[in-house]
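Q: The structure under discussion is supplied below as structure tokens; questions concerning it will follow.
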Amino acid sequence: MLEKLKVAFVLLVIGAISGGAIYGVNVLTEPIIEENELAAQYEDYVTMFPDMSVSDMEEETIEDDDYITKKFTIYDGSGNQLGYIFEGKDENSQGSITVLVGIQDGTLKDVIISSTTNTPNYVQPLRDDYISKLAGQSIDDITYDSNTGATITYNSVQSIVDQAVLYTGDGPVVDPELVQYQTLLEDADDFESFLSYSGFDFTNENTILDSDGNVLAYGFALSVNDETVRLLVGPDSTFIGAVPVNEDAATDTTDAIATLDEFTGDMLGAIDETAVPSPFTDAFTDMKDIVMNYERVNDVRIKEETVLDESDAITGFTYTGFKDGNTANANEIKVEVDTDGVITSVEVVNHNDTPDYVSGDVEPNLDSLVGETLDTIGDFDASSDDAFAGATNTGQSVTDVAEAALELHGKRAEYAEIYPDMVDYEQSFVQGYDTFNSRIAVLDANGDELGALYEGFQFNSMGSVTVHVGLADGDIVDVTIPTHDNTPDYVSGLVNDYLPNLDGQTTSDITYDASTGATITYNSIQDIINESVQAESERSSE
Amino acid sequence: MAKGSKKKEMSRLANLTKGFFKENPIFVFLLGMCPALAVTSTVETGLGMGLLVIIVLTMSNTVISLIKNFIPEQVKIPSFIVIIATFVTMIEMVTQAFAPALYEALGIFLPLIVVNCLILGRAEAYASKNGPINSAIDGFGMGLGFTMALMLIGFTREVLATGAVGYGVYLPLGVEGSIINIDSYILAMDVFVGPAGGFIVIGLWLALFQAFSNRKERIKADTRKRWIEEKKREAAERKRKKAMKEAGEAS
């Protein structure tokens, strides 16, 4: 018992002495450690803003950001705001890095690596030779060095600086136009300018995209009460609604927009444009014309019209397309193509480019495109001396429309392969399907429908795949893959060995192969076929 | 008396220097390999870790030697660990206060000195059986050997990875710079910054030490062989002379 007490006592004494020693050292070092931490922190801040008042600095913690952890608003001793300092952190393959980004009046005041565990002999030259060059640059146009010799660390710095710039306002700067789109389309993640028009009652067309890059809608801008309003239409021609570009739009404008609510969800073809209240009537009419009659081919909006002889036989096609040239506003180009797919004439119908260039360099050389086909136009150089040298931008717009015309014409050849008796086709929009938004009715010489063709598109884990499904009289007549970026060997295996098995199958009882060796692509094909069959079935039941 | 004192002084010198080569903790005993891999991407971090180990090892050896007779056998190891942990915690605070950059760079490996087998090993194998002065010398010498090894590894890795050897970045030297700066694309092998490079460099140095040790053993064996042969030759000569003398006397 005594022996046990002795052991306990010895341990107690050792523990007590240890605790006392640690406490003593802690008492001595704690203030120094705190001072070190504060000194290190504020040393960098004061280096950036020598006139700052540390006690007046406002600190805000940023949560849920990949890089930025804190935002400091910096004031001088008189309470005047000097700028911001953002603290950002990143973990890279060499360790961790903390960067301070100072921003004043839209300019990078300074960028400082406040701490890092990255290799010191890389970090120091980076500080001296490269990061120092960021100071003084406008935050709207920051130039980074591409070859620093310390890429890993520099990439972290670049990411943090880029992210800090987004916080110069009240938070990450989101384009206000995108915010407006998001009020109607919550999945809207980005938008792109498509074309600017003249001669219509709307001024331009944007494309609204989701985070995967899928097109959610087209946005057409018009002026209402001196404010810009965008009419949104889905790719299947469903009218989505209208939204003012200005967040604080006037009541008159918002009231006018509210009058369009009754059309939301309707397909454009089903809306009587004369019933659309002013001030949207004219723009709505133009928008309906563009969406219903002009296809998007590459960067061109283009319409196909057939040219008939006296006996109503097709002798050729006229394509009218819009594409921007030397200015933001699109030129209107007309291209005539014969039944063999050869360009027979090209005309600039309307343009917004420099008249002298158009009349001097473009119009006299339009014949250089005559004779081009879908196979040859890819090699056509709009800037060559034999083409439109001197007015390259306008010439390129003409060439782009010509190429779009030939691509559109090329579809006829594809359809004719599936339906040899085809003379013409009609495209109409369909709603409610994930993989396609239109139906192509293939017509014979009498105008009777030979069958339908669905052009489906789907993203899968290997990329995207486009599938054409031909249906006629309740049977699958053809399944083709015109474009894809899935693994070529797998796709070619499907095309050779499995897609032919689908031809001739009854749509009410389709048997898919269970093991194709290309499951991902084949699943996409199945989805598109199933939706096509469903759409066709629903159409028949109507 | 004078002779005995000299003998004791030599013994302490040998005690101090044995950790440099003959009983080097890393290259001979393979002790403390964790920090040897983790904090030797530069010479300076290796040196910093080494200095801290010297302090902890010397102080823990001294204290353990002083109180060894009071610690019951059944709680010997826990007591040693508490003592070592106390010194490590103290040194951690001091480092954070006076060498914050080194504190940041060593990170978790600073508190992990507590479980460095070199320190506990010397406490158990030496300090618990010897007097405080010799224990302090043993701890200091072993710590120096450990530090030299870390610096050697750090030097090799830093030069191979960056072509330079920096100073003043982690230790509060008051001035930053580099003592070597070779501008060569060959000396930019990132692999030596990471753990893989640490293994490679330690492996190379171990091989070198082993080769050196083997050569020394061979020379020692050869010298002894020659000495024995010389002794045999001398004995034979003595025998021959004695025989000749006896023959002369007989005649």
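Chain lettering (A, B, ...) mirrors the order of the structure tokens, residue numbering begins at 1 for each chain separately, and ligand numbering begins at 1 in order of display.
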Residues at most 7 Å from segment 376-386 of chain A, counting only C-alpha atoms, excluding those fewer than 4 positions away in the same chain, as a PyMOL selection string?
A: chain A and resi 372+392+395-396+399+403
Q: I need the residues in segment 166-294 of chain A that are helix (DSSP H, G or I) according to DSSP; give them as a ChimeraX atom specification.
A: /A:166,176-184,251-258,261-263,268-270,273-275,281-293
Q: Would you kindly return, as JSON, numbers by chain, each protein, DNA or RNA residue with an atom no farther than 9 Å from any atom of segment 436-451 of chain A, considering only C-alpha atoms and excluding same-chain residues fewer than 5 positions away?
A: {"A": [235, 236, 237, 313, 415, 416, 419, 421, 422, 423, 424, 425, 426, 427, 428, 429, 430, 431, 456, 457, 458, 470, 471, 472, 473, 477, 528, 531, 532, 535, 536]}
Q: Should the cut-off be 10 Å, what would the residue list for chain B against chain A look like, counting only C-alpha atoms, as a PyMOL selection string?
A: chain B and resi 41-42+67+70-76+78-80+82-101+104-107+158+161-167+169-170+177-178+181+188+190+193-194
Q: Name all residues at most 12 Å from Thr183 of chain A (count only C-alpha atoms; drop same-chain ones fewer than 6 positions away) and give them as JSON, numbers by chain.
A: {"A": [176, 177, 189, 232, 240, 241, 242, 243, 244, 245, 247]}
Q: Using only C-alpha atoms, can you tell me which of B:Ala211, B:Asn69, B:Glu217, B:Val159 comes closest to Ile186 of chain B?
A: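 Ranked by minimum distance to Ile186 of chain B, first place goes to B:Val159.
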Q: Show me, as a PyMOL selection string, the residues that have an atom within 10 Å of Asp145 of chain A when counting only C-alpha atoms, minus same-chain residues fewer than 4 positions from it.
A: chain A and resi 130-131+133-134+151+154+158
Q: Could you write out the selected residues, including N, CA and C atoms, as a PDB file, in the first residue's frame?
A:
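Once written, out_21.pdb looks like this:
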```pdb
ATOM      1  N   TYR A 130       7.475  38.887 -59.611  1.00  0.00           N
ATOM      2  CA  TYR A 130       6.195  38.723 -60.307  1.00  0.00           C
ATOM      3  C   TYR A 130       5.005  39.310 -59.543  1.00  0.00           C
ATOM      4  N   ILE A 131       4.893  38.972 -58.270  1.00  0.00           N
ATOM      5  CA  ILE A 131       3.726  39.461 -57.519  1.00  0.00           C
ATOM      6  C   ILE A 131       3.780  40.970 -57.367  1.00  0.00           C
ATOM      7  N   LYS A 133       4.568  42.965 -59.539  1.00  0.00           N
ATOM      8  CA  LYS A 133       4.085  43.587 -60.788  1.00  0.00           C
ATOM      9  C   LYS A 133       2.558  43.726 -60.835  1.00  0.00           C
ATOM     10  N   LEU A 134       1.874  43.052 -59.915  1.00  0.00           N
ATOM     11  CA  LEU A 134       0.405  43.133 -59.913  1.00  0.00           C
ATOM     12  C   LEU A 134      -0.070  44.475 -59.348  1.00  0.00           C
ATOM     13  N   THR A 151       4.933  28.023 -60.817  1.00  0.00           N
ATOM     14  CA  THR A 151       3.558  28.005 -61.314  1.00  0.00           C
ATOM     15  C   THR A 151       2.536  27.642 -60.242  1.00  0.00           C
ATOM     16  N   TYR A 154       2.014  30.575 -57.909  1.00  0.00           N
ATOM     17  CA  TYR A 154       1.457  31.717 -58.651  1.00  0.00           C
ATOM     18  C   TYR A 154      -0.004  31.460 -59.025  1.00  0.00           C
ATOM     19  N   GLN A 158      -3.067  33.830 -58.162  1.00  0.00           N
ATOM     20  CA  GLN A 158      -3.967  34.313 -59.230  1.00  0.00           C
ATOM     21  C   GLN A 158      -5.431  34.006 -58.881  1.00  0.00           C
TER      22      GLN A 158
END
```
Q: For segment 482-492 of chain A, work out the shell of residues within 9 Å, counting only C-alpha atoms and skipping chain neighbours fewer than 3 positions away, then give it as number ranges by chain.
A: A: 460-468, 495-497, 516-522
